[in-house]
file model-v4.cif (mmCIF, C-alpha atoms)
data_structure
#
loop_
_atom_site.label_atom_id
_atom_site.label_comp_id
_atom_site.auth_asym_id
_atom_site.auth_seq_id
_atom_site.Cartn_x
_atom_site.Cartn_y
_atom_site.Cartn_z
CA MET C 100 -38.94 -1.88 17.06
CA THR C 101 -39.83 0.61 14.40
CA THR C 102 -38.54 -1.35 11.41
CA THR C 103 -41.26 -1.68 8.81
CA PRO C 104 -40.89 -4.18 6.00
CA LEU C 105 -41.14 -2.41 2.69
CA SER C 106 -42.15 -3.85 -0.61
CA ALA C 107 -39.79 -3.55 -3.55
CA PRO C 108 -39.59 -0.20 -5.32
CA THR C 109 -42.71 0.48 -7.26
CA THR C 110 -43.40 1.99 -10.63
CA THR C 111 -42.86 5.64 -11.32
CA ASP C 112 -45.73 5.62 -13.83
CA SER C 113 -46.58 9.30 -13.70
CA THR C 114 -50.17 8.81 -14.85
CA LEU C 115 -50.99 6.23 -12.17
CA ARG C 116 -49.23 8.33 -9.55
CA ALA C 117 -51.26 11.43 -10.47
CA GLU C 118 -54.45 9.39 -10.51
CA VAL C 119 -53.88 8.01 -7.01
CA GLU C 120 -52.85 11.40 -5.63
CA HIS C 121 -56.00 12.95 -7.06
CA PHE C 122 -58.09 10.10 -5.64
CA TYR C 123 -56.60 10.62 -2.19
CA ALA C 124 -57.09 14.38 -2.30
CA TRP C 125 -60.70 13.99 -3.35
CA GLN C 126 -61.34 11.23 -0.82
CA MET C 127 -59.93 13.22 2.09
CA GLN C 128 -61.73 16.39 1.06
CA LEU C 129 -64.94 14.36 1.22
CA LEU C 130 -64.13 13.00 4.69
CA ASP C 131 -63.07 16.36 6.08
CA SER C 132 -66.17 18.00 4.62
CA ARG C 133 -68.39 15.41 6.36
CA ALA C 134 -69.64 13.94 3.11
CA CYS C 135 -69.69 10.60 4.93
CA GLU C 136 -71.65 8.54 2.41
CA GLU C 137 -69.64 9.88 -0.51
CA TRP C 138 -66.50 9.06 1.50
CA ALA C 139 -67.69 5.50 2.07
CA ALA C 140 -68.50 5.18 -1.65
CA THR C 141 -64.76 5.52 -2.38
CA PHE C 142 -64.40 2.04 -0.85
CA THR C 143 -65.64 -1.14 -2.53
CA PRO C 144 -69.03 -2.34 -1.24
CA ASP C 145 -67.15 -4.91 0.89
CA GLY C 146 -64.22 -2.59 1.59
CA VAL C 147 -62.35 -2.83 4.88
CA PHE C 148 -60.99 0.08 6.92
CA ASP C 149 -58.58 -1.23 9.50
CA ALA C 150 -56.55 0.84 11.93
CA ASN C 151 -54.46 0.00 14.97
CA GLY C 152 -56.34 2.78 16.76
CA LEU C 153 -59.72 1.08 16.26
CA PRO C 154 -61.16 -1.74 18.40
CA ALA C 155 -62.12 -3.62 15.20
CA PRO C 156 -62.00 -3.03 11.42
CA ALA C 157 -64.98 -1.33 9.76
CA LYS C 158 -66.29 -3.63 7.05
CA GLY C 159 -68.53 -2.44 4.23
CA ARG C 160 -69.80 0.98 3.28
CA GLU C 161 -72.46 1.16 5.96
CA ALA C 162 -69.93 0.62 8.75
CA ILE C 163 -67.46 3.02 7.12
CA THR C 164 -70.15 5.69 6.80
CA ALA C 165 -71.17 5.21 10.44
CA GLY C 166 -67.54 5.48 11.61
CA ALA C 167 -66.99 8.71 9.72
CA ARG C 168 -70.28 10.17 10.97
CA ALA C 169 -69.50 9.34 14.60
CA ALA C 170 -66.02 10.84 14.30
CA GLY C 171 -67.45 13.96 12.72
CA GLU C 172 -70.02 14.39 15.46
CA ARG C 173 -67.31 14.15 18.12
CA LEU C 174 -65.33 16.86 16.34
CA THR C 175 -68.36 19.14 16.11
CA ALA C 176 -69.12 18.62 19.80
CA GLU C 177 -65.53 19.51 20.68
CA GLY C 178 -65.31 22.47 18.29
CA LEU C 179 -62.52 20.92 16.22
CA VAL C 180 -61.72 20.74 12.51
CA HIS C 181 -59.62 17.89 11.09
CA ARG C 182 -57.70 17.88 7.81
CA HIS C 183 -56.20 14.65 6.55
CA TRP C 184 -52.94 14.98 4.61
CA LEU C 185 -51.49 12.08 2.67
CA GLY C 186 -48.01 12.26 1.23
CA MET C 187 -44.74 10.47 0.46
CA LEU C 188 -46.66 8.04 -1.73
CA THR C 189 -45.20 4.93 -3.29
CA VAL C 190 -47.59 3.12 -5.57
CA GLY C 191 -47.53 0.35 -8.15
CA GLU C 192 -49.77 -2.07 -9.97
CA GLN C 193 -49.37 -5.72 -8.99
CA PRO C 194 -49.47 -8.78 -11.25
CA ASP C 195 -53.03 -9.45 -9.98
CA ARG C 196 -54.03 -5.97 -11.29
CA THR C 197 -54.62 -4.55 -7.82
CA ILE C 198 -52.78 -1.37 -6.98
CA ARG C 199 -50.77 -1.21 -3.78
CA ALA C 200 -50.10 2.18 -2.24
CA ARG C 201 -48.12 3.14 0.85
CA SER C 202 -48.17 6.69 2.12
CA TYR C 203 -47.74 8.75 5.25
CA ALA C 204 -50.87 10.38 6.63
CA LEU C 205 -51.19 13.25 9.05
CA VAL C 206 -54.24 14.54 10.86
CA ILE C 207 -54.10 18.30 11.38
CA GLU C 208 -56.40 19.51 14.14
CA THR C 209 -57.64 23.07 14.61
CA GLU C 210 -59.71 24.50 17.43
CA ARG C 211 -62.39 26.96 16.43
CA ASP C 212 -60.97 30.35 17.49
CA GLY C 213 -57.86 28.55 18.68
CA ALA C 214 -54.63 26.86 17.67
CA SER C 215 -53.74 24.33 14.98
CA ARG C 216 -51.63 21.31 15.84
CA LEU C 217 -50.41 18.02 14.48
CA HIS C 218 -52.83 15.48 15.92
CA ARG C 219 -51.63 12.17 14.47
CA SER C 220 -48.84 10.75 12.36
CA THR C 221 -49.69 7.46 10.64
CA VAL C 222 -48.78 5.15 7.79
CA CYS C 223 -51.56 4.28 5.33
CA GLU C 224 -51.36 1.07 3.30
CA ASP C 225 -54.03 0.54 0.66
CA VAL C 226 -55.12 -2.11 -1.76
CA LEU C 227 -56.88 -0.25 -4.55
CA VAL C 228 -58.98 -1.78 -7.30
CA ARG C 229 -60.84 -0.38 -10.30
CA ALA C 230 -64.61 -0.03 -10.52
CA GLU C 231 -66.30 -1.04 -13.76
CA ASP C 232 -66.02 2.54 -15.01
CA GLY C 233 -62.26 2.49 -14.39
CA SER C 234 -62.27 4.72 -11.32
CA LEU C 235 -60.32 3.78 -8.20
CA LEU C 236 -61.82 2.28 -5.05
CA VAL C 237 -60.21 1.22 -1.77
CA SER C 238 -60.61 -2.50 -1.24
CA ARG C 239 -58.59 -2.60 1.99
CA ARG C 240 -56.99 0.18 4.03
CA LYS C 241 -54.71 -0.31 6.99
CA VAL C 242 -53.75 2.75 9.03
CA THR C 243 -50.95 2.39 11.56
CA ARG C 244 -50.51 5.13 14.14
CA ASP C 245 -46.91 5.98 14.97
CA ASP C 246 -47.69 6.38 18.65
CA ILE C 247 -48.95 2.80 19.04
CA GLY C 248 -45.86 0.60 19.28
CA MET R 85 -32.06 37.81 6.72
CA THR R 86 -34.24 35.06 5.40
CA THR R 87 -33.92 35.89 1.72
CA THR R 88 -32.91 32.80 -0.20
CA PRO R 89 -31.71 33.13 -3.77
CA LEU R 90 -33.83 31.01 -6.05
CA SER R 91 -32.90 29.58 -9.38
CA ALA R 92 -35.01 30.39 -12.41
CA PRO R 93 -38.33 28.57 -12.80
CA THR R 94 -37.76 24.95 -13.67
CA THR R 95 -39.47 22.56 -16.01
CA THR R 96 -42.96 21.29 -15.37
CA ASP R 97 -42.09 17.98 -17.07
CA SER R 98 -44.70 15.82 -15.40
CA THR R 99 -42.77 12.59 -15.92
CA LEU R 100 -39.59 13.90 -14.29
CA ARG R 101 -41.59 15.44 -11.49
CA ALA R 102 -43.38 12.15 -10.74
CA GLU R 103 -40.10 10.27 -10.92
CA VAL R 104 -38.41 12.56 -8.38
CA GLU R 105 -41.44 12.53 -6.08
CA HIS R 106 -41.49 8.75 -6.15
CA PHE R 107 -37.74 8.62 -5.52
CA TYR R 108 -38.11 10.89 -2.49
CA ALA R 109 -41.03 8.92 -1.09
CA TRP R 110 -39.16 5.66 -1.48
CA GLN R 111 -35.92 7.12 -0.08
CA MET R 112 -37.60 8.54 3.02
CA GLN R 113 -39.60 5.37 3.64
CA LEU R 114 -36.25 3.54 3.66
CA LEU R 115 -34.71 6.00 6.12
CA ASP R 116 -37.72 6.03 8.44
CA SER R 117 -37.88 2.23 8.35
CA ARG R 118 -34.20 2.01 9.39
CA ALA R 119 -33.12 0.41 6.15
CA CYS R 120 -29.86 2.36 6.55
CA GLU R 121 -27.76 0.67 3.89
CA GLU R 122 -30.57 0.80 1.34
CA TRP R 123 -30.98 4.48 2.22
CA ALA R 124 -27.28 5.12 1.64
CA ALA R 125 -27.50 3.26 -1.67
CA THR R 126 -29.82 6.01 -2.94
CA PHE R 127 -26.74 8.28 -2.94
CA THR R 128 -23.87 7.94 -5.41
CA PRO R 129 -20.86 6.03 -4.01
CA ASP R 130 -19.15 9.41 -3.43
CA GLY R 131 -22.41 11.18 -2.50
CA VAL R 132 -22.36 14.02 0.01
CA PHE R 133 -24.98 14.70 2.68
CA ASP R 134 -24.49 18.18 4.04
CA ALA R 135 -26.65 19.90 6.62
CA ASN R 136 -26.29 23.06 8.63
CA GLY R 137 -27.25 20.99 11.69
CA LEU R 138 -24.25 18.65 11.26
CA PRO R 139 -20.69 19.36 12.43
CA ALA R 140 -19.38 18.17 9.03
CA PRO R 141 -20.82 16.70 5.80
CA ALA R 142 -21.13 12.91 5.52
CA LYS R 143 -19.20 11.78 2.45
CA GLY R 144 -19.74 8.41 0.81
CA ARG R 145 -22.19 5.62 1.47
CA GLU R 146 -20.38 4.25 4.51
CA ALA R 147 -20.53 7.57 6.32
CA ILE R 148 -24.14 8.11 5.26
CA THR R 149 -25.11 4.64 6.52
CA ALA R 150 -23.34 5.27 9.82
CA GLY R 151 -25.10 8.61 10.26
CA ALA R 152 -28.52 7.10 9.65
CA ARG R 153 -27.81 4.19 11.97
CA ALA R 154 -26.64 6.45 14.81
CA ALA R 155 -29.69 8.68 14.41
CA GLY R 156 -31.96 5.63 14.42
CA GLU R 157 -30.40 4.27 17.58
CA ARG R 158 -30.92 7.59 19.35
CA LEU R 159 -34.59 7.54 18.37
CA THR R 160 -35.05 3.98 19.61
CA ALA R 161 -33.38 4.85 22.91
CA GLU R 162 -35.69 7.83 23.33
CA GLY R 163 -38.84 5.96 22.22
CA LEU R 164 -39.43 8.20 19.22
CA VAL R 165 -40.54 7.66 15.63
CA HIS R 166 -39.55 10.08 12.85
CA ARG R 167 -41.27 10.55 9.51
CA HIS R 168 -39.62 12.67 6.84
CA TRP R 169 -41.97 14.60 4.57
CA LEU R 170 -40.73 16.33 1.43
CA GLY R 171 -42.96 18.68 -0.49
CA MET R 172 -43.29 21.88 -2.51
CA LEU R 173 -40.81 20.49 -5.02
CA THR R 174 -39.31 22.45 -7.88
CA VAL R 175 -37.13 20.37 -10.16
CA GLY R 176 -35.46 20.62 -13.55
CA GLU R 177 -32.74 19.09 -15.66
CA GLN R 178 -29.67 21.25 -16.18
CA PRO R 179 -27.56 21.63 -19.35
CA ASP R 180 -24.95 19.33 -17.74
CA ARG R 181 -27.67 16.62 -17.45
CA THR R 182 -27.76 16.75 -13.66
CA ILE R 183 -31.14 17.31 -12.08
CA ARG R 184 -31.52 20.08 -9.52
CA ALA R 185 -34.32 19.80 -7.00
CA ARG R 186 -35.39 22.16 -4.24
CA SER R 187 -38.03 21.14 -1.74
CA TYR R 188 -39.23 21.75 1.78
CA ALA R 189 -38.68 18.94 4.27
CA LEU R 190 -40.37 18.37 7.59
CA VAL R 191 -39.49 15.91 10.32
CA ILE R 192 -42.58 14.67 12.17
CA GLU R 193 -41.78 13.21 15.59
CA THR R 194 -44.03 10.89 17.59
CA GLU R 195 -43.53 9.57 21.09
CA ARG R 196 -44.47 5.95 21.65
CA ASP R 197 -47.76 6.16 23.59
CA GLY R 198 -47.52 9.92 23.36
CA ALA R 199 -47.96 12.97 21.17
CA SER R 200 -46.94 13.81 17.61
CA ARG R 201 -45.28 17.11 16.84
CA LEU R 202 -43.46 18.99 14.14
CA HIS R 203 -39.79 18.48 14.98
CA ARG R 204 -37.98 20.35 12.20
CA SER R 205 -38.68 22.52 9.19
CA THR R 206 -35.91 22.54 6.58
CA VAL R 207 -35.10 23.24 2.94
CA CYS R 208 -33.58 20.38 0.94
CA GLU R 209 -31.47 21.14 -2.14
CA ASP R 210 -30.31 18.17 -4.20
CA VAL R 211 -28.12 17.47 -7.17
CA LEU R 212 -29.45 14.25 -8.65
CA VAL R 213 -27.77 12.12 -11.30
CA ARG R 214 -28.71 8.94 -13.14
CA ALA R 215 -27.17 5.54 -12.44
CA GLU R 216 -26.24 3.37 -15.43
CA ASP R 217 -29.65 1.72 -15.27
CA GLY R 218 -31.33 5.13 -15.46
CA SER R 219 -32.48 5.28 -11.84
CA LEU R 220 -31.94 8.42 -9.78
CA LEU R 221 -29.20 8.88 -7.17
CA VAL R 222 -28.35 11.82 -4.93
CA SER R 223 -24.94 13.20 -5.74
CA ARG R 224 -25.12 16.08 -3.28
CA ARG R 225 -27.74 17.01 -0.70
CA LYS R 226 -27.79 20.18 1.34
CA VAL R 227 -30.34 20.46 4.16
CA THR R 228 -30.85 23.87 5.75
CA ARG R 229 -32.73 24.02 9.03
CA ASP R 230 -35.05 27.01 9.37
CA ASP R 231 -34.12 27.48 13.02
CA ILE R 232 -30.43 28.03 12.29
CA GLY R 233 -30.06 31.59 11.07
CA MET N 133 -70.92 23.75 10.82
CA THR N 134 -67.80 22.59 9.07
CA THR N 135 -69.49 21.16 5.98
CA THR N 136 -67.87 22.61 2.90
CA PRO N 137 -69.63 22.27 -0.44
CA LEU N 138 -67.35 20.51 -2.88
CA SER N 139 -67.44 20.71 -6.63
CA ALA N 140 -67.78 17.54 -8.68
CA PRO N 141 -64.70 15.34 -9.03
CA THR N 142 -62.15 16.93 -11.28
CA THR N 143 -59.86 15.61 -13.96
CA THR N 144 -56.91 13.43 -13.17
CA ASP N 145 -54.98 14.89 -16.12
CA SER N 146 -51.46 14.16 -14.90
CA THR N 147 -49.86 16.92 -16.95
CA LEU N 148 -52.17 19.65 -15.63
CA ARG N 149 -51.80 18.32 -12.10
CA ALA N 150 -47.99 18.40 -12.31
CA GLU N 151 -48.11 21.87 -13.82
CA VAL N 152 -50.26 23.26 -11.01
CA GLU N 153 -48.19 21.54 -8.32
CA HIS N 154 -45.03 23.01 -9.79
CA PHE N 155 -46.65 26.43 -10.02
CA TYR N 156 -47.64 26.27 -6.35
CA ALA N 157 -44.21 25.10 -5.22
CA TRP N 158 -42.54 27.88 -7.18
CA GLN N 159 -45.04 30.49 -6.01
CA MET N 160 -44.65 29.60 -2.33
CA GLN N 161 -40.87 29.41 -2.56
CA LEU N 162 -41.02 32.99 -3.89
CA LEU N 163 -43.26 34.15 -1.05
CA ASP N 164 -41.24 32.43 1.66
CA SER N 165 -38.01 33.80 0.18
CA ARG N 166 -39.42 37.36 0.31
CA ALA N 167 -39.40 37.78 -3.44
CA CYS N 168 -42.54 39.86 -2.99
CA GLU N 169 -42.80 41.39 -6.47
CA GLU N 170 -42.11 38.07 -8.16
CA TRP N 171 -44.77 36.55 -5.89
CA ALA N 172 -47.28 39.20 -6.91
CA ALA N 173 -46.41 38.61 -10.58
CA THR N 174 -47.84 35.08 -10.23
CA PHE N 175 -51.26 36.77 -10.00
CA THR N 176 -53.00 38.44 -12.93
CA PRO N 177 -52.57 42.25 -12.98
CA ASP N 178 -56.09 42.52 -11.52
CA GLY N 179 -55.72 39.39 -9.39
CA VAL N 180 -57.53 39.17 -6.06
CA PHE N 181 -56.17 37.61 -2.87
CA ASP N 182 -58.98 37.09 -0.42
CA ALA N 183 -58.74 35.48 2.99
CA ASN N 184 -61.10 35.22 5.93
CA GLY N 185 -58.16 36.32 8.09
CA LEU N 186 -57.82 39.64 6.23
CA PRO N 187 -59.92 42.76 6.85
CA ALA N 188 -60.38 43.15 3.08
CA PRO N 189 -59.18 41.41 -0.12
CA ALA N 190 -55.93 42.59 -1.72
CA LYS N 191 -56.68 43.61 -5.30
CA GLY N 192 -53.99 43.93 -7.94
CA ARG N 193 -50.28 43.23 -7.90
CA GLU N 194 -49.33 46.39 -6.02
CA ALA N 195 -51.60 45.55 -3.10
CA ILE N 196 -50.49 41.89 -3.15
CA THR N 197 -46.83 42.94 -3.12
CA ALA N 198 -47.46 45.34 -0.24
CA GLY N 199 -49.26 42.68 1.76
CA ALA N 200 -46.42 40.18 1.34
CA ARG N 201 -43.83 42.80 2.20
CA ALA N 202 -45.62 43.85 5.38
CA ALA N 203 -46.04 40.22 6.46
CA GLY N 204 -42.35 39.56 5.79
CA GLU N 205 -41.28 42.56 7.81
CA ARG N 206 -43.36 41.37 10.77
CA LEU N 207 -41.71 37.97 10.60
CA THR N 208 -38.23 39.47 10.48
CA ALA N 209 -39.01 41.69 13.45
CA GLU N 210 -40.24 38.67 15.41
CA GLY N 211 -37.37 36.38 14.34
CA LEU N 212 -39.66 33.92 12.58
CA VAL N 213 -39.48 31.93 9.35
CA HIS N 214 -42.65 30.82 7.55
CA ARG N 215 -42.98 27.98 5.02
CA HIS N 216 -46.20 27.58 3.08
CA TRP N 217 -47.15 24.01 2.21
CA LEU N 218 -49.95 23.23 -0.23
CA GLY N 219 -51.23 19.71 -0.67
CA MET N 220 -54.23 17.43 -1.23
CA LEU N 221 -54.90 19.20 -4.52
CA THR N 222 -57.94 18.66 -6.68
CA VAL N 223 -57.83 20.54 -9.96
CA GLY N 224 -59.67 20.65 -13.25
CA GLU N 225 -60.24 22.82 -16.28
CA GLN N 226 -63.70 24.34 -16.57
CA PRO N 227 -65.79 24.84 -19.74
CA ASP N 228 -64.82 28.55 -19.66
CA ARG N 229 -61.12 27.49 -19.87
CA THR N 230 -60.32 28.67 -16.35
CA ILE N 231 -58.72 26.16 -14.02
CA ARG N 232 -60.26 25.61 -10.60
CA ALA N 233 -58.02 24.25 -7.86
CA ARG N 234 -58.81 23.37 -4.25
CA SER N 235 -56.04 22.45 -1.85
CA TYR N 236 -55.14 22.42 1.80
CA ALA N 237 -52.48 24.89 2.89
CA LEU N 238 -50.38 24.89 6.03
CA VAL N 239 -48.13 27.60 7.40
CA ILE N 240 -45.13 26.15 9.24
CA GLU N 241 -43.50 28.60 11.63
CA THR N 242 -39.98 28.37 13.03
CA GLU N 243 -38.30 30.57 15.60
CA ARG N 244 -34.68 31.43 14.94
CA ASP N 245 -32.76 29.25 17.43
CA GLY N 246 -36.08 27.84 18.59
CA ALA N 247 -38.90 25.47 17.83
CA SER N 248 -40.94 24.73 14.71
CA ARG N 249 -44.70 24.53 14.91
CA LEU N 250 -47.82 24.34 12.81
CA HIS N 251 -49.04 27.92 12.64
CA ARG N 252 -52.16 27.71 10.46
CA SER N 253 -54.32 25.19 8.69
CA THR N 254 -56.33 26.59 5.78
CA VAL N 255 -58.18 25.70 2.59
CA CYS N 256 -57.02 27.45 -0.60
CA GLU N 257 -59.43 27.83 -3.53
CA ASP N 258 -58.00 29.29 -6.73
CA VAL N 259 -59.22 30.37 -10.12
CA LEU N 260 -56.21 30.04 -12.40
CA VAL N 261 -55.90 31.39 -15.93
CA ARG N 262 -53.21 31.25 -18.59
CA ALA N 263 -50.99 34.16 -19.54
CA GLU N 264 -50.35 34.78 -23.24
CA ASP N 265 -47.21 32.63 -23.03
CA GLY N 266 -49.26 29.74 -21.60
CA SER N 267 -47.97 30.00 -18.03
CA LEU N 268 -50.37 29.91 -15.09
CA LEU N 269 -51.52 32.95 -13.11
CA VAL N 270 -53.86 33.26 -10.14
CA SER N 271 -56.92 35.29 -11.07
CA ARG N 272 -58.65 34.85 -7.71
CA ARG N 273 -57.50 33.16 -4.51
CA LYS N 274 -59.64 32.56 -1.46
CA VAL N 275 -57.94 31.29 1.70
CA THR N 276 -60.17 30.04 4.52
CA ARG N 277 -58.59 29.53 7.92
CA ASP N 278 -59.83 26.48 9.81
CA ASP N 279 -59.83 28.36 13.11
CA ILE N 280 -62.32 31.00 11.92
CA GLY N 281 -65.76 29.40 12.05
#
call {"tool": "encode", "arguments": {"input": "model-v4.cif", "output": "structure tokens"}}
result
Amino acid sequence: MTTTPLSAPTTTDSTLRAEVEHFYAWQMQLLDSRACEEWAATFTPDGVFDANGLPAPAKGREAITAGARAAGERLTAEGLVHRHWLGMLTVGEQPDRTIRARSYALVIETERDGASRLHRSTVCEDVLVRAEDGSLLVSRRKVTRDDIG
Amino acid sequence: MTTTPLSAPTTTDSTLRAEVEHFYAWQMQLLDSRACEEWAATFTPDGVFDANGLPAPAKGREAITAGARAAGERLTAEGLVHRHWLGMLTVGEQPDRTIRARSYALVIETERDGASRLHRSTVCEDVLVRAEDGSLLVSRRKVTRDDIG
Amino acid sequence: MTTTPLSAPTTTDSTLRAEVEHFYAWQMQLLDSRACEEWAATFTPDGVFDANGLPAPAKGREAITAGARAAGERLTAEGLVHRHWLGMLTVGEQPDRTIRARSYALVIETERDGASRLHRSTVCEDVLVRAEDGSLLVSRRKVTRDDIG
């Protein structure tokens, strides 16, 4: 079955939408540039990164940093570059003030001196919260790969 | 010839742009999740879905629902997941109050337990109108596949 | 090494973000539609298009037009269609009033009567300025292909 339950239509608040899109762009540029600690700092201190492609969720910034660093080292060893694209975002603030976001995410893979290809197609579901300074942080991320049924 | 006539530059109204992007994200999440009737309800009751890959346009919500359902059943039978990505949107309101939108649309295809690939590259041209409650609906959609000359 | 130095987080000004996204969509629709002079007119008269895949930067609208025209003629001769997708944009105005934008850019390639594929994955770094009428122009563009180390 590929039917995914969807939440009700969310706000079209253009300011929130732009803010989340910017946050995602910045966050993925950090990951793809191997700024692993800065990447982990876009999660809450107790943030959870869960994915159906992982043996277990990464919990907390230290684990999230370590996961990104290990992934980056594998790419370097294999001579590959990854770019994470998020798109088709629906987002809205909930009554409990958290922000729920659902988007599609692609991983684009390029071989040094070789070809580019679509590596993964996934769905990314986030619970976002605000830091004391008002900036966004990921409290919980769930990434579901399309190839894992 | 690949020259496509383009309309004049459109508005950069950030609110309208966010509204249309949200509408597209929501609409495609419905389609990809097999919510076929909810997908068809994002068209006007007499809405037209035309595509140069179809033998004839689908007219009205019943036909649009049936088309989505048949496509979904083929994917299930073949063990495939599709994700529709729209991007590179230009959009503007016309003097007649309709909204014209032109975007690129990709279909990303993933095999269960297999690879992801770029299935189609298309151009999507929409005439959007507002329902009585102010929400957007597609009055006419024309999808042009890049592989069909 | 794939580490890319990133500038500090940029504004989330939703109006500027929408304006730049619209500008990019319009600009790429022009290029992909072979409106080569109109494409070049989205650069300043002395605008520079630099890319690590080019032997030398194209300087000025005449050179940028010629480059687009030559690329288009190659595609026609080979029966190919290209679509340029920009995404994952971070953008912000600088103290000197220029606008710096960093985005990912893909080239999607489709064979007439054939397959679509991901042709290139790149990073696009722009310095944008405003024309006298307030519209955006590219003063300097640098495109870095992921496959060139």
call {"tool": "closest_residue", "arguments": {"input": "model-v4.cif", "among": "R:Leu221, R:Ala142, R:Val175, R:Leu212", "to": "N:Glu153", "atoms": "all atoms listed in the file"}}
result
R:Val175
call {"tool": "resolve_selection", "arguments": {"input": "model-v4.cif", "expression": "the PyMOL selection byres ((chain R) within 9 of (chain C))", "output": "number ranges by chain"}}
result
R: 98-110, 112-114, 116-119, 160, 164-171, 192-202
call {"tool": "write_last_selection", "arguments": {"input": "model-v4.cif", "atoms": "C-alpha atoms", "output": "short mmCIF file (atom, residue, chain, number, x, y, z; two decimals), in the coordinates of the input"}}
result
data_model
loop_
_atom_site.label_atom_id
_atom_site.label_comp_id
_atom_site.auth_asym_id
_atom_site.auth_seq_id
_atom_site.Cartn_x
_atom_site.Cartn_y
_atom_site.Cartn_z
CA SER R 98 -44.70 15.82 -15.40
CA THR R 99 -42.77 12.59 -15.92
CA LEU R 100 -39.59 13.90 -14.29
CA ARG R 101 -41.59 15.44 -11.49
CA ALA R 102 -43.38 12.15 -10.74
CA GLU R 103 -40.10 10.27 -10.92
CA VAL R 104 -38.41 12.56 -8.38
CA GLU R 105 -41.44 12.53 -6.08
CA HIS R 106 -41.49 8.75 -6.15
CA PHE R 107 -37.74 8.62 -5.52
CA TYR R 108 -38.11 10.89 -2.49
CA ALA R 109 -41.03 8.92 -1.09
CA TRP R 110 -39.16 5.66 -1.48
CA MET R 112 -37.60 8.54 3.02
CA GLN R 113 -39.60 5.37 3.64
CA LEU R 114 -36.25 3.54 3.66
CA ASP R 116 -37.72 6.03 8.44
CA SER R 117 -37.88 2.23 8.35
CA ARG R 118 -34.20 2.01 9.39
CA ALA R 119 -33.12 0.41 6.15
CA THR R 160 -35.05 3.98 19.61
CA LEU R 164 -39.43 8.20 19.22
CA VAL R 165 -40.54 7.66 15.63
CA HIS R 166 -39.55 10.08 12.85
CA ARG R 167 -41.27 10.55 9.51
CA HIS R 168 -39.62 12.67 6.84
CA TRP R 169 -41.97 14.60 4.57
CA LEU R 170 -40.73 16.33 1.43
CA GLY R 171 -42.96 18.68 -0.49
CA ILE R 192 -42.58 14.67 12.17
CA GLU R 193 -41.78 13.21 15.59
CA THR R 194 -44.03 10.89 17.59
CA GLU R 195 -43.53 9.57 21.09
CA ARG R 196 -44.47 5.95 21.65
CA ASP R 197 -47.76 6.16 23.59
CA GLY R 198 -47.52 9.92 23.36
CA ALA R 199 -47.96 12.97 21.17
CA SER R 200 -46.94 13.81 17.61
CA ARG R 201 -45.28 17.11 16.84
CA LEU R 202 -43.46 18.99 14.14
#
call {"tool": "atom_distance", "arguments": {"input": "model-v4.cif", "atom1": "atom CA of C:Arg160", "atom2": "atom CA of C:Leu130"}}
result
13.4 Å
call {"tool": "atom_distance", "arguments": {"input": "model-v4.cif", "atom1": "atom CA of N:Thr176", "atom2": "atom CA of N:Arg262"}}
result
9.2 Å
call {"tool": "residues_around", "arguments": {"input": "model-v4.cif", "residues": "C:Asp225", "least_positions_apart": "3", "cutoff": "6 Å", "atoms": "all atoms listed in the file", "output": "ChimeraX atom specification"}}
result
/C:199-200,239-240
call {"tool": "atom_distance", "arguments": {"input": "model-v4.cif", "atom1": "atom CA of R:Ile148", "atom2": "atom CA of R:Thr182"}}
result
21.1 Å
call {"tool": "residues_around", "arguments": {"input": "model-v4.cif", "residues": "C:Ala162", "least_positions_apart": "3", "cutoff": "12 Å", "atoms": "only C-alpha atoms", "output": "JSON, numbers by chain"}}
result
{"C": [135, 136, 138, 139, 140, 142, 144, 145, 146, 147, 148, 149, 155, 156, 157, 158, 159, 165, 166, 167, 168, 169]}
call {"tool": "decode", "arguments": {"input": "model-v4.cif", "residues": "stretch 172-179 of chain C", "atoms": "N, CA and C atoms", "output": "short mmCIF file (atom, residue, chain, number, x, y, z; two decimals), in the first residue's frame"}}
result
data_model
loop_
_atom_site.label_atom_id
_atom_site.label_comp_id
_atom_site.auth_asym_id
_atom_site.auth_seq_id
_atom_site.Cartn_x
_atom_site.Cartn_y
_atom_site.Cartn_z
N GLU C 172 31.93 10.90 5.52
CA GLU C 172 33.19 10.18 5.29
C GLU C 172 33.01 9.06 4.27
N ARG C 173 31.86 8.40 4.30
CA ARG C 173 31.59 7.37 3.28
C ARG C 173 31.56 8.00 1.89
N LEU C 174 30.93 9.16 1.77
CA LEU C 174 30.85 9.83 0.47
C LEU C 174 32.24 10.19 -0.04
N THR C 175 33.05 10.76 0.85
CA THR C 175 34.41 11.13 0.46
C THR C 175 35.18 9.91 -0.03
N ALA C 176 35.06 8.81 0.74
CA ALA C 176 35.79 7.59 0.38
C ALA C 176 35.35 7.06 -0.99
N GLU C 177 34.08 7.28 -1.32
CA GLU C 177 33.54 6.77 -2.58
C GLU C 177 33.59 7.80 -3.70
N GLY C 178 34.09 9.00 -3.40
CA GLY C 178 34.20 10.03 -4.43
C GLY C 178 32.85 10.57 -4.90
N LEU C 179 31.93 10.71 -3.96
CA LEU C 179 30.57 11.14 -4.29
C LEU C 179 30.22 12.46 -3.60
#
